[in-house]
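Peer 1: Pasting a structure below so you can have a look.
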Amino acid sequence: MKSLVSSFDVKTLEETCPFHPDTHLIQSKYGNALARGTVQAKSMEAGYAENVMPNTIIVAENVVGGFYAVTNLDSATGGSDAETDEQLRNRILVNNRHVPSETKSGIETAIKNIAGVTDSRLIANNTMQDDSYGNPPKSCHLYVIGGDDTEIATTYFNHLTPVSTTVGKISVEVLDIAKKPVEIKFDRAKTVPIYIDVVLTVDDTQFNADSAPETIKKNILSYLSLLTMGSDVLFSQLFAPAYSVSGVKNVQIKLGTSQDSMSENDISVDQFELPVSSRDLISIEVRS
């Protein structure tokens, strides 16, 4: 699957701005009037490696006249490697247990069946009071990883009960059976960056310094790509990728959610957060 950025920020000269009327006038450092628009962006390539951190997509590959700057305000999420046979079997089992319907599990299954969606979680507050998350009475709060906003909103609406109130920062208008607009709200899962420091003691006669570090990073990211919302990052699971190449004699690993919080412990995240990493967040030091 290709990764998706929900909030991709584009700044352009005011007179060439294609985002009217949803613009916010600002100025460049040279005093030129600029306009800002926020759009969705999808990666050109598929794979977990396309899930990058916020503010890392900052170079426009094909420069268009009048464009000033671009950046991704959110992490790119939803990118995944080719589905394995085991993952396919598990997905079929889930679909058989929870058929798309108006139930909590049914709505989650319907959303997960959308192309590009890798996970979804729904909080259904069926009480007459605010719940512990701050959701209002008789409301549904959907969290999603990957997928297109409009397709998510449409599928969500088609499986909601008529009296449901939706909650979230993303708002999309869909049409009901009478062709009247209905506002559907939901949220993207918050991403938590995972920094990983690996120190390898190696046998120089067997260790390939040119390719081995990249192979280790790839294998670490393969493990992380299997994590879903609320998954713990298990410290012990990172040793197998580190030992996956020839010539490694000893491995030391630390991980954290920032460079200042590195430790030899598991990392826990909130049930609606997604732990993510990238090659840039994985450091590998090689010692003889």
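To be explicit about the labels: the chains of the structure tokens are called A, B, and onward in the order shown, and within each one the residues are counted from 1, while ligands get numbers from 1 in the order they are shown.
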With a cut-off of 12 Å, could you pull out the residues of region 231-279 of chain A touching region 132-141 of chain A and give me the nearest pair of atoms for each, distance in Å to one decimal, using only C-alpha atoms, ordered by chain and ascending number, as a Markdown table?

Peer 2:
| residue | atom | partner | partner_atom | distance |
| --- | --- | --- | --- | --- |
| A:Asp270 | CA | A:Tyr133 | CA | 11.9 |
| A:Gln271 | CA | A:Tyr133 | CA | 11.6 |
| A:Phe272 | CA | A:His141 | CA | 10.8 |

Peer 1: So that I can see what lies close to Val202 (chain A), please list as a PyMOL selection string the residues with an atom at most 9 Å from it, counting only C-alpha atoms and leaving out residues fewer than 5 positions away in the same chain.

Peer 2: chain A and resi 207+246-251+286-288

Peer 1: Kindly export the residues of the current selection with all heavy atoms, as an mmCIF file, in the first residue's frame.

Peer 2:
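Output saved as result.cif:
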data_model
loop_
_atom_site.group_PDB
_atom_site.id
_atom_site.type_symbol
_atom_site.label_atom_id
_atom_site.label_comp_id
_atom_site.auth_asym_id
_atom_site.auth_seq_id
_atom_site.Cartn_x
_atom_site.Cartn_y
_atom_site.Cartn_z
ATOM 1 N N PHE A 207 31.504 -9.556 8.388
ATOM 2 C CA PHE A 207 30.494 -8.490 8.368
ATOM 3 C C PHE A 207 30.677 -7.612 7.133
ATOM 4 O O PHE A 207 31.774 -7.113 6.864
ATOM 5 C CB PHE A 207 30.623 -7.637 9.632
ATOM 6 C CG PHE A 207 29.567 -6.575 9.770
ATOM 7 C CD1 PHE A 207 28.295 -6.892 10.219
ATOM 8 C CD2 PHE A 207 29.846 -5.253 9.458
ATOM 9 C CE1 PHE A 207 27.323 -5.911 10.363
ATOM 10 C CE2 PHE A 207 28.889 -4.263 9.595
ATOM 11 C CZ PHE A 207 27.615 -4.597 10.045
ATOM 12 N N SER A 246 25.381 -11.673 8.752
ATOM 13 C CA SER A 246 26.579 -12.417 9.149
ATOM 14 C C SER A 246 27.599 -11.499 9.815
ATOM 15 O O SER A 246 27.717 -10.320 9.470
ATOM 16 C CB SER A 246 27.217 -13.078 7.923
ATOM 17 O OG SER A 246 26.320 -13.978 7.317
ATOM 18 N N GLY A 247 28.338 -12.076 10.761
ATOM 19 C CA GLY A 247 29.456 -11.365 11.359
ATOM 20 C C GLY A 247 29.143 -10.586 12.616
ATOM 21 O O GLY A 247 30.045 -9.977 13.203
ATOM 22 N N VAL A 248 27.896 -10.586 13.076
ATOM 23 C CA VAL A 248 27.539 -9.852 14.290
ATOM 24 C C VAL A 248 27.804 -10.737 15.502
ATOM 25 O O VAL A 248 27.263 -11.836 15.621
ATOM 26 C CB VAL A 248 26.059 -9.416 14.269
ATOM 27 C CG1 VAL A 248 25.693 -8.743 15.592
ATOM 28 C CG2 VAL A 248 25.811 -8.472 13.105
ATOM 29 N N LYS A 249 28.640 -10.252 16.417
ATOM 30 C CA LYS A 249 28.992 -11.028 17.607
ATOM 31 C C LYS A 249 28.222 -10.569 18.844
ATOM 32 O O LYS A 249 27.911 -11.372 19.717
ATOM 33 C CB LYS A 249 30.499 -10.918 17.869
ATOM 34 C CG LYS A 249 31.367 -11.476 16.749
ATOM 35 C CD LYS A 249 32.822 -11.587 17.163
ATOM 36 C CE LYS A 249 33.442 -10.225 17.464
ATOM 37 N NZ LYS A 249 34.891 -10.329 17.785
ATOM 38 N N ASN A 250 27.924 -9.279 18.917
ATOM 39 C CA ASN A 250 27.211 -8.763 20.089
ATOM 40 C C ASN A 250 26.390 -7.543 19.682
ATOM 41 O O ASN A 250 26.769 -6.798 18.772
ATOM 42 C CB ASN A 250 28.197 -8.377 21.192
ATOM 43 C CG ASN A 250 27.492 -8.015 22.486
ATOM 44 O OD1 ASN A 250 26.695 -8.790 23.007
ATOM 45 N ND2 ASN A 250 27.768 -6.831 23.008
ATOM 46 N N VAL A 251 25.261 -7.359 20.364
ATOM 47 C CA VAL A 251 24.351 -6.261 20.029
ATOM 48 C C VAL A 251 23.920 -5.540 21.300
ATOM 49 O O VAL A 251 23.564 -6.172 22.299
ATOM 50 C CB VAL A 251 23.090 -6.780 19.296
ATOM 51 C CG1 VAL A 251 22.096 -5.646 19.082
ATOM 52 C CG2 VAL A 251 23.464 -7.422 17.972
ATOM 53 N N VAL A 286 28.990 0.583 14.368
ATOM 54 C CA VAL A 286 29.695 -0.688 14.181
ATOM 55 C C VAL A 286 31.060 -0.614 14.857
ATOM 56 O O VAL A 286 31.839 0.314 14.623
ATOM 57 C CB VAL A 286 29.866 -1.005 12.681
ATOM 58 C CG1 VAL A 286 30.616 -2.324 12.502
ATOM 59 C CG2 VAL A 286 28.503 -1.067 11.992
ATOM 60 N N ARG A 287 31.325 -1.615 15.705
ATOM 61 C CA ARG A 287 32.615 -1.706 16.390
ATOM 62 C C ARG A 287 33.256 -3.053 16.087
ATOM 63 O O ARG A 287 32.571 -4.066 15.980
ATOM 64 C CB ARG A 287 32.437 -1.570 17.905
ATOM 65 C CG ARG A 287 31.828 -0.241 18.358
ATOM 66 C CD ARG A 287 31.566 -0.248 19.847
ATOM 67 N NE ARG A 287 30.958 0.999 20.311
ATOM 68 C CZ ARG A 287 30.532 1.198 21.556
ATOM 69 N NH1 ARG A 287 30.649 0.213 22.459
ATOM 70 N NH2 ARG A 287 29.993 2.355 21.893
ATOM 71 N N SER A 288 34.555 -3.046 15.973
ATOM 72 C CA SER A 288 35.285 -4.295 15.708
ATOM 73 C C SER A 288 35.637 -4.987 17.020
ATOM 74 O O SER A 288 35.785 -4.350 18.057
ATOM 75 C CB SER A 288 36.564 -4.003 14.931
ATOM 76 O OG SER A 288 36.250 -3.398 13.689
#

Peer 1: Write out as a PyMOL selection string each polymer residue whose atoms come within 6 Å of Leu142 (chain A), counting only C-alpha atoms; drop sequence neighbours fewer than 5 positions from it.

Peer 2: chain A and resi 121-122+186

Peer 1: May I ask which of the residues A:Ile152, A:Ile220, A:Ala46, A:Leu274 is the closest one to Ala240 (chain A), counting only C-alpha atoms?

Peer 2: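 Counting only C-alpha atoms, the residue closest to Ala240 (chain A) is A:Ile220.
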
Peer 1: Leaving out Thr257 (chain A) and any residue of its chain fewer than 5 positions from it, which residues lie within 12 Å of it when counting only C-alpha atoms, given as an NGL selection string?

Peer 2: :A and (191-197 or 233 or 262-263 or 265-269 or 274-277 or 281-282)

Peer 1: Between A:Asp81, A:Glu214, A:Asp203, A:Glu50, which is the closest to Ala242 (chain A) once you count only C-alpha atoms?

Peer 2: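 Of A:Asp81, A:Glu214, A:Asp203, A:Glu50, the one nearest Ala242 (chain A), counting only C-alpha atoms, is A:Glu214.
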
Peer 1: Report, in Å with one decimal, the straight-line distance from CA of Ala178 (chain A) to CA of Ile107 (chain A).

Peer 2: 22.3 Å

Peer 1: Quick one: residues within 9 Å of Ser244 (chain A), only C-alpha atoms, excluding same-chain residues fewer than 5 positions away - as an MDAnalysis selection string?

Peer 2: chainID A and resid 212 215:216 219 239

Peer 1: Given the choices A:Gly116, A:Leu73, A:Thr38, A:Thr166, which gets closest to Met53 (chain A) if the distance is worked out from only C-alpha atoms?

Peer 2: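 Distance minimum relative to Met53 (chain A) lands on A:Leu73.
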